[in-house]
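Visitor: This one is coords_6.cif, mmCIF, C-alpha atoms.
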```cif
data_data
loop_
_atom_site.label_atom_id
_atom_site.label_comp_id
_atom_site.auth_asym_id
_atom_site.auth_seq_id
_atom_site.Cartn_x
_atom_site.Cartn_y
_atom_site.Cartn_z
CA MET N 30 -184.59 142.48 62.37
CA THR N 31 -184.33 140.64 65.69
CA GLN N 32 -181.00 141.09 67.43
CA HIS N 33 -179.23 138.07 68.90
CA ALA N 34 -177.38 138.05 72.22
CA VAL N 35 -175.27 135.28 73.72
CA VAL N 36 -175.48 135.41 77.52
CA THR N 37 -173.62 133.17 79.97
CA GLY N 38 -174.87 132.15 83.39
CA THR N 39 -178.55 132.28 82.46
CA SER N 40 -179.69 129.62 84.94
CA SER N 41 -179.84 132.10 87.86
CA GLY N 42 -178.79 135.45 89.25
CA ILE N 43 -177.59 138.37 87.16
CA GLY N 44 -177.17 136.33 83.98
CA LYS N 45 -180.79 135.20 84.13
CA ALA N 46 -181.99 138.74 84.88
CA ILE N 47 -180.08 140.16 81.90
CA ALA N 48 -181.38 137.45 79.57
CA ALA N 49 -184.95 138.04 80.76
CA LYS N 50 -184.63 141.81 80.22
CA LEU N 51 -183.26 141.36 76.71
CA LEU N 52 -186.05 138.93 75.87
CA ASP N 53 -188.59 141.47 77.13
CA ASP N 54 -186.94 144.04 74.85
CA GLY N 55 -187.41 141.79 71.83
CA TRP N 56 -183.98 140.21 71.53
CA ALA N 57 -183.34 136.57 70.69
CA VAL N 58 -181.10 135.12 73.39
CA THR N 59 -178.86 132.07 73.45
CA GLY N 60 -178.10 131.13 77.04
CA LEU N 61 -174.97 129.24 78.06
CA SER N 62 -174.91 127.50 81.44
CA ARG N 63 -174.29 124.13 83.04
CA THR N 64 -177.78 123.99 84.54
CA GLU N 65 -180.73 124.18 82.18
CA SER N 66 -182.29 127.62 81.77
CA SER N 67 -185.97 128.16 81.07
CA LEU N 68 -187.04 131.63 79.98
CA VAL N 69 -190.01 132.99 78.04
CA GLY N 70 -189.49 134.38 74.55
CA LYS N 71 -187.01 133.76 71.76
CA PHE N 72 -184.69 131.82 74.03
CA ALA N 73 -182.45 128.86 73.27
CA TRP N 74 -180.33 127.11 75.88
CA LEU N 75 -177.00 125.45 75.22
CA GLN N 76 -175.37 123.38 77.93
CA ALA N 77 -171.90 124.74 78.45
CA ASP N 78 -169.22 124.28 81.10
CA LEU N 79 -167.45 127.63 81.48
CA SER N 80 -164.85 125.94 83.68
CA ASP N 81 -163.70 124.08 80.56
CA PRO N 82 -163.06 126.86 78.02
CA GLU N 83 -161.57 124.47 75.49
CA SER N 84 -165.00 122.85 75.14
CA LEU N 85 -166.74 126.11 74.19
CA PRO N 86 -165.85 126.28 70.47
CA ASP N 87 -167.73 123.02 69.90
CA VAL N 88 -170.73 124.32 71.87
CA LEU N 89 -170.82 127.48 69.75
CA ALA N 90 -170.28 125.75 66.41
CA GLY N 91 -173.02 126.62 63.94
CA LEU N 92 -174.49 129.37 66.12
CA GLU N 93 -175.97 132.36 64.31
CA PRO N 94 -173.77 135.48 64.52
CA ALA N 95 -174.23 137.36 67.78
CA ASP N 96 -174.96 141.08 67.94
CA ALA N 97 -173.99 141.03 71.61
CA LEU N 98 -172.02 138.96 74.11
CA VAL N 99 -172.69 139.16 77.84
CA HIS N 100 -170.40 137.17 80.11
CA ALA N 101 -172.19 136.97 83.45
CA ALA N 102 -171.29 133.45 84.62
CA GLY N 103 -169.15 133.35 87.71
CA PHE N 104 -168.64 132.12 91.23
CA GLN N 105 -166.87 133.25 94.36
CA ARG N 106 -164.46 131.58 96.76
CA THR N 107 -163.25 133.64 99.70
CA ALA N 108 -160.37 133.23 102.13
CA HIS N 109 -157.86 135.34 104.02
CA ILE N 110 -154.08 135.16 103.77
CA GLY N 111 -152.95 131.94 105.42
CA SER N 112 -155.88 130.02 104.00
CA LEU N 113 -155.63 130.94 100.31
CA ASP N 114 -156.24 128.08 97.89
CA PRO N 115 -154.43 128.26 94.52
CA ALA N 116 -157.02 125.90 93.04
CA ALA N 117 -159.79 128.38 93.89
CA LEU N 118 -157.87 131.16 92.17
CA ALA N 119 -157.32 129.00 89.08
CA GLY N 120 -160.99 128.00 88.98
CA MET N 121 -162.28 131.56 89.20
CA PHE N 122 -159.75 132.82 86.66
CA THR N 123 -160.82 130.12 84.24
CA VAL N 124 -164.54 130.92 84.46
CA HIS N 125 -164.25 134.69 84.69
CA VAL N 126 -161.35 135.45 82.35
CA ALA N 127 -160.32 132.47 80.23
CA ALA N 128 -163.91 131.66 79.27
CA ALA N 129 -164.51 135.29 78.33
CA SER N 130 -161.47 135.18 76.07
CA VAL N 131 -162.61 132.03 74.28
CA LEU N 132 -166.14 133.34 73.85
CA ALA N 133 -164.93 136.61 72.36
CA ASN N 134 -162.44 134.80 70.17
CA GLU N 135 -165.21 132.64 68.75
CA LEU N 136 -168.01 135.21 68.46
CA VAL N 137 -166.46 138.58 67.71
CA PRO N 138 -165.03 137.82 64.25
CA SER N 139 -168.58 137.21 62.94
CA MET N 140 -170.20 139.90 65.13
CA PRO N 141 -171.71 142.69 63.01
CA ASP N 142 -170.08 146.10 63.20
CA GLY N 143 -171.77 148.10 65.96
CA GLY N 144 -172.03 145.04 68.21
CA ARG N 145 -171.79 145.00 71.98
CA ILE N 146 -169.82 143.19 74.69
CA VAL N 147 -170.62 143.42 78.42
CA LEU N 148 -168.47 141.69 81.03
CA LEU N 149 -169.64 141.22 84.61
CA GLY N 150 -166.97 142.40 86.99
CA SER N 151 -167.34 143.23 90.67
CA ARG N 152 -167.05 146.31 92.82
CA THR N 153 -164.54 144.27 94.88
CA SER N 154 -162.07 144.38 91.97
CA THR N 155 -160.30 147.29 93.67
CA GLY N 156 -159.73 145.18 96.78
CA MET N 157 -161.72 143.67 99.63
CA PRO N 158 -160.44 141.75 102.70
CA GLY N 159 -160.92 138.01 102.26
CA LYS N 160 -161.60 138.34 98.54
CA SER N 161 -158.12 138.75 97.08
CA HIS N 162 -158.44 135.89 94.60
CA TYR N 163 -161.94 136.85 93.50
CA ALA N 164 -160.95 140.51 93.22
CA ALA N 165 -157.90 139.62 91.13
CA THR N 166 -159.95 137.70 88.57
CA LYS N 167 -162.54 140.46 88.32
CA ALA N 168 -159.83 143.12 88.04
CA ALA N 169 -158.41 141.15 85.12
CA LEU N 170 -161.68 141.72 83.27
CA MET N 171 -161.03 145.46 83.45
CA GLY N 172 -157.79 145.09 81.51
CA LEU N 173 -159.39 142.65 79.13
CA GLY N 174 -162.38 144.89 78.49
CA ARG N 175 -160.47 148.14 77.99
CA THR N 176 -158.04 146.46 75.61
CA TRP N 177 -160.83 144.91 73.56
CA ALA N 178 -162.59 148.29 73.52
CA GLN N 179 -159.53 149.80 71.85
CA GLU N 180 -159.14 146.94 69.40
CA LEU N 181 -162.80 146.91 68.38
CA ALA N 182 -163.50 150.66 68.28
CA PRO N 183 -162.81 150.83 64.52
CA ARG N 184 -165.72 148.41 64.05
CA GLY N 185 -168.03 150.36 66.32
CA ILE N 186 -168.17 147.44 68.77
CA THR N 187 -168.39 148.65 72.37
CA VAL N 188 -166.98 146.80 75.38
CA ASN N 189 -167.95 147.69 78.93
CA VAL N 190 -167.78 146.18 82.41
CA LEU N 191 -170.58 146.12 84.99
CA SER N 192 -169.34 145.81 88.57
CA PRO N 193 -172.14 145.03 91.02
CA GLY N 194 -171.80 145.12 94.77
CA PRO N 195 -173.63 142.66 97.05
CA THR N 196 -176.48 141.45 94.86
CA ASP N 197 -179.55 139.47 95.83
CA THR N 198 -178.62 136.22 94.06
CA PRO N 199 -178.07 132.58 95.09
CA MET N 200 -174.31 133.25 95.13
CA LEU N 201 -174.71 134.97 98.50
CA ASN N 202 -175.61 131.62 100.07
CA ASP N 203 -172.70 129.72 98.52
CA PRO N 204 -170.69 128.03 101.32
CA GLY N 205 -167.55 128.86 99.33
CA ARG N 206 -167.85 132.51 100.33
CA ALA N 207 -168.58 131.89 104.01
CA ALA N 208 -165.32 133.61 105.03
CA THR N 209 -166.84 136.99 104.07
CA PRO N 210 -170.37 137.43 105.45
CA VAL N 211 -172.62 139.77 103.48
CA LYS N 212 -172.98 143.34 104.74
CA LEU N 213 -175.88 145.53 103.67
CA PRO N 214 -174.67 148.53 101.65
CA ALA N 215 -175.35 152.14 102.61
CA LEU N 216 -178.72 152.31 100.89
CA GLY N 217 -179.94 149.54 103.18
CA ALA N 218 -180.73 146.85 100.62
CA LEU N 219 -178.92 144.35 98.46
CA VAL N 220 -178.52 145.24 94.79
CA ASP N 221 -181.49 144.10 92.70
CA PRO N 222 -180.37 141.91 89.76
CA GLU N 223 -183.01 143.62 87.61
CA ASP N 224 -181.28 146.97 88.19
CA VAL N 225 -178.04 145.50 86.86
CA ALA N 226 -179.97 144.04 83.94
CA ALA N 227 -181.52 147.42 83.12
CA LEU N 228 -178.11 149.07 82.86
CA ALA N 229 -176.81 146.17 80.79
CA ALA N 230 -179.75 146.55 78.42
CA PHE N 231 -179.00 150.25 78.01
CA LEU N 232 -175.36 149.57 77.15
CA LEU N 233 -176.44 146.85 74.72
CA GLY N 234 -179.05 149.06 73.12
CA PRO N 235 -178.88 151.82 70.50
CA HIS N 236 -177.93 154.54 73.00
CA GLY N 237 -174.92 152.57 74.18
CA LYS N 238 -173.12 153.32 70.94
CA SER N 239 -171.03 156.17 72.42
CA ILE N 240 -169.93 154.32 75.57
CA THR N 241 -166.96 151.96 75.54
CA GLY N 242 -164.09 150.91 77.76
CA GLN N 243 -165.96 151.91 80.91
CA ASN N 244 -166.65 150.31 84.28
CA TYR N 245 -170.00 150.87 85.98
CA VAL N 246 -170.23 150.21 89.73
CA ILE N 247 -173.72 149.29 90.95
CA CYS N 248 -173.26 148.75 94.66
CA GLY N 249 -176.11 150.31 96.65
CA GLY N 250 -173.58 152.65 98.19
CA ALA N 251 -171.22 149.91 99.41
CA SER N 252 -168.26 151.73 97.91
CA LEU N 253 -169.01 155.06 99.57
#
```
Let me see whether you can do it: turn the structure in this file into structure tokens.

Guide:
Amino acid sequence: MTQHAVVTGTSSGIGKAIAAKLLDDGWAVTGLSRTESSLVGKFAWLQADLSDPESLPDVLAGLEPADALVHAAGFQRTAHIGSLDPAALAGMFTVHVAAASVLANELVPSMPDGGRIVLLGSRTSTGMPGKSHYAATKAALMGLGRTWAQELAPRGITVNVLSPGPTDTPMLNDPGRAATPVKLPALGALVDPEDVAALAAFLLGPHGKSITGQNYVICGGASL
């Protein structure tokens, strides 16, 4: 039987790479994003605004039960102390954390036992100059994920966090993160989104059944 994954942020970057990998592996994927996604395979796109979590239950209404949820949508605003913008913090928290909560609330009750949840964090969640607000919202996903892992363990549903370092995605060119120029990690190259997708696919697959409540840093050596 074909497994069904709901993946956010499928219009570009890591979300698109994860959706493409799952499709290659034979999954059916429902993509949620503001901008239309076009992928090959058993793919359906639903327009969704993750910055408006209260709108998500209507978007998801009538959707087939999901065997997996991947929350990859996100954005980054950077600033140092003295220039911090509370609105930027609120916006990132809404997309990264509040949207994840609504999605799980809607999808997990009907998720089959043995299902999977993967949340996209960031290696900066432990702290990075100029990224305090972004780091705080990604660190919140750690607490969210580990708590859900404990709650859902009796159902065999695993919950894990992937925390990439500087990844070769359009986000790197976002003017909103201009305060923190990209630095190449120790291995000399940006993280490949397909490498993140490969690890996500493993955690979502049959051999991910014994792994839950964990955080995987994929940073090209940036955290060395």

Visitor: Kindly give the distance, in Å, that separates atom CA of N:Ala57 and atom CA of N:Arg184, rounded to a single decimal.

Guide: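 Computed distance, atom CA of N:Ala57 to atom CA of N:Arg184, equals 22.2 Å.
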
Visitor: In Å, how far is it from atom CA of N:Thr176 to atom CA of N:Gly242?

Guide: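 Going from atom CA of N:Thr176 over to atom CA of N:Gly242 covers 7.8 Å.
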
Visitor: Just to confirm, what's the straight-line distance from atom CA of N:His33 to atom CA of N:Arg152 in Å (one decimal)?

Guide: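 Straight-line distance from atom CA of N:His33 to atom CA of N:Arg152 works out to 28.1 Å.
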
Visitor: Can you translate the PyMOL selection byres ((chain N and resi 132-143) around 6) into the concrete residues it hits in this file, as a PyMOL selection string?

Guide: chain N and resi 94-96+129-131+144+184-186

Visitor: For N:Ala165, which of N:Thr107, N:Thr187, N:Thr64, N:Thr31 is the closest residue, counting only C-alpha atoms?

Guide: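 For N:Ala165, the nearest of the given residues is N:Thr107.
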
Visitor: Which polymer residues have any atom within 8 Å of an atom of N:Ser41, counting only C-alpha atoms, with same-chain residues fewer than 3 positions away left out, as a PyMOL selection string?

Guide: chain N and resi 38+44-46+66+198-199

Visitor: Once 5 Å is added on each side, what centre and edge lengths in Å to one decimal does the axis-aligned box around all listed atoms of stretch 231-237 of chain N have, as AutoDock Vina command-line options?

Guide:
```
--center_x -177.0 --center_y 150.7 --center_z 74.3 --size_x 14.1 --size_y 17.7 --size_z 17.5
```

Visitor: Residues picked by the PyMOL selection byres ((chain N and resi 223) around 12) here, as a PDB file with C-alpha atoms, in the coordinates of the input?

Guide:
```
ATOM      1  CA  SER N  41    -179.840 132.100  87.860  1.00  0.00           C
ATOM      2  CA  GLY N  42    -178.790 135.450  89.250  1.00  0.00           C
ATOM      3  CA  ILE N  43    -177.590 138.370  87.160  1.00  0.00           C
ATOM      4  CA  GLY N  44    -177.170 136.330  83.980  1.00  0.00           C
ATOM      5  CA  LYS N  45    -180.790 135.200  84.130  1.00  0.00           C
ATOM      6  CA  ALA N  46    -181.990 138.740  84.880  1.00  0.00           C
ATOM      7  CA  ILE N  47    -180.080 140.160  81.900  1.00  0.00           C
ATOM      8  CA  ALA N  48    -181.380 137.450  79.570  1.00  0.00           C
ATOM      9  CA  ALA N  49    -184.950 138.040  80.760  1.00  0.00           C
ATOM     10  CA  LYS N  50    -184.630 141.810  80.220  1.00  0.00           C
ATOM     11  CA  LEU N  51    -183.260 141.360  76.710  1.00  0.00           C
ATOM     12  CA  PRO N 193    -172.140 145.030  91.020  1.00  0.00           C
ATOM     13  CA  THR N 196    -176.480 141.450  94.860  1.00  0.00           C
ATOM     14  CA  ASP N 197    -179.550 139.470  95.830  1.00  0.00           C
ATOM     15  CA  THR N 198    -178.620 136.220  94.060  1.00  0.00           C
ATOM     16  CA  LEU N 219    -178.920 144.350  98.460  1.00  0.00           C
ATOM     17  CA  VAL N 220    -178.520 145.240  94.790  1.00  0.00           C
ATOM     18  CA  ASP N 221    -181.490 144.100  92.700  1.00  0.00           C
ATOM     19  CA  PRO N 222    -180.370 141.910  89.760  1.00  0.00           C
ATOM     20  CA  ASP N 224    -181.280 146.970  88.190  1.00  0.00           C
ATOM     21  CA  VAL N 225    -178.040 145.500  86.860  1.00  0.00           C
ATOM     22  CA  ALA N 226    -179.970 144.040  83.940  1.00  0.00           C
ATOM     23  CA  ALA N 227    -181.520 147.420  83.120  1.00  0.00           C
ATOM     24  CA  LEU N 228    -178.110 149.070  82.860  1.00  0.00           C
ATOM     25  CA  ALA N 229    -176.810 146.170  80.790  1.00  0.00           C
ATOM     26  CA  ALA N 230    -179.750 146.550  78.420  1.00  0.00           C
ATOM     27  CA  ILE N 247    -173.720 149.290  90.950  1.00  0.00           C
TER      28      ILE N 247
END
```

Visitor: Would you please work out which residue, of N:Met157, N:Ala97, N:Ala117, N:Gln32, is nearest to N:Leu233 when using all atoms listed in the file?

Guide: N:Ala97

Visitor: Looking at all atoms listed in the file, which of N:Pro210, N:Pro86, N:Gly55, N:Gly174 is the one that sits closest to N:Val99?

Guide: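 Using all atoms listed in the file, N:Val99 sits closest to N:Gly174.
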
Visitor: Which residue, N:Lys160, N:His236, N:Phe231, N:Thr241, has the smallest gap to N:Ile110 when you use all atoms listed in the file?

Guide: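 Smallest distance to N:Ile110 is found for N:Lys160.
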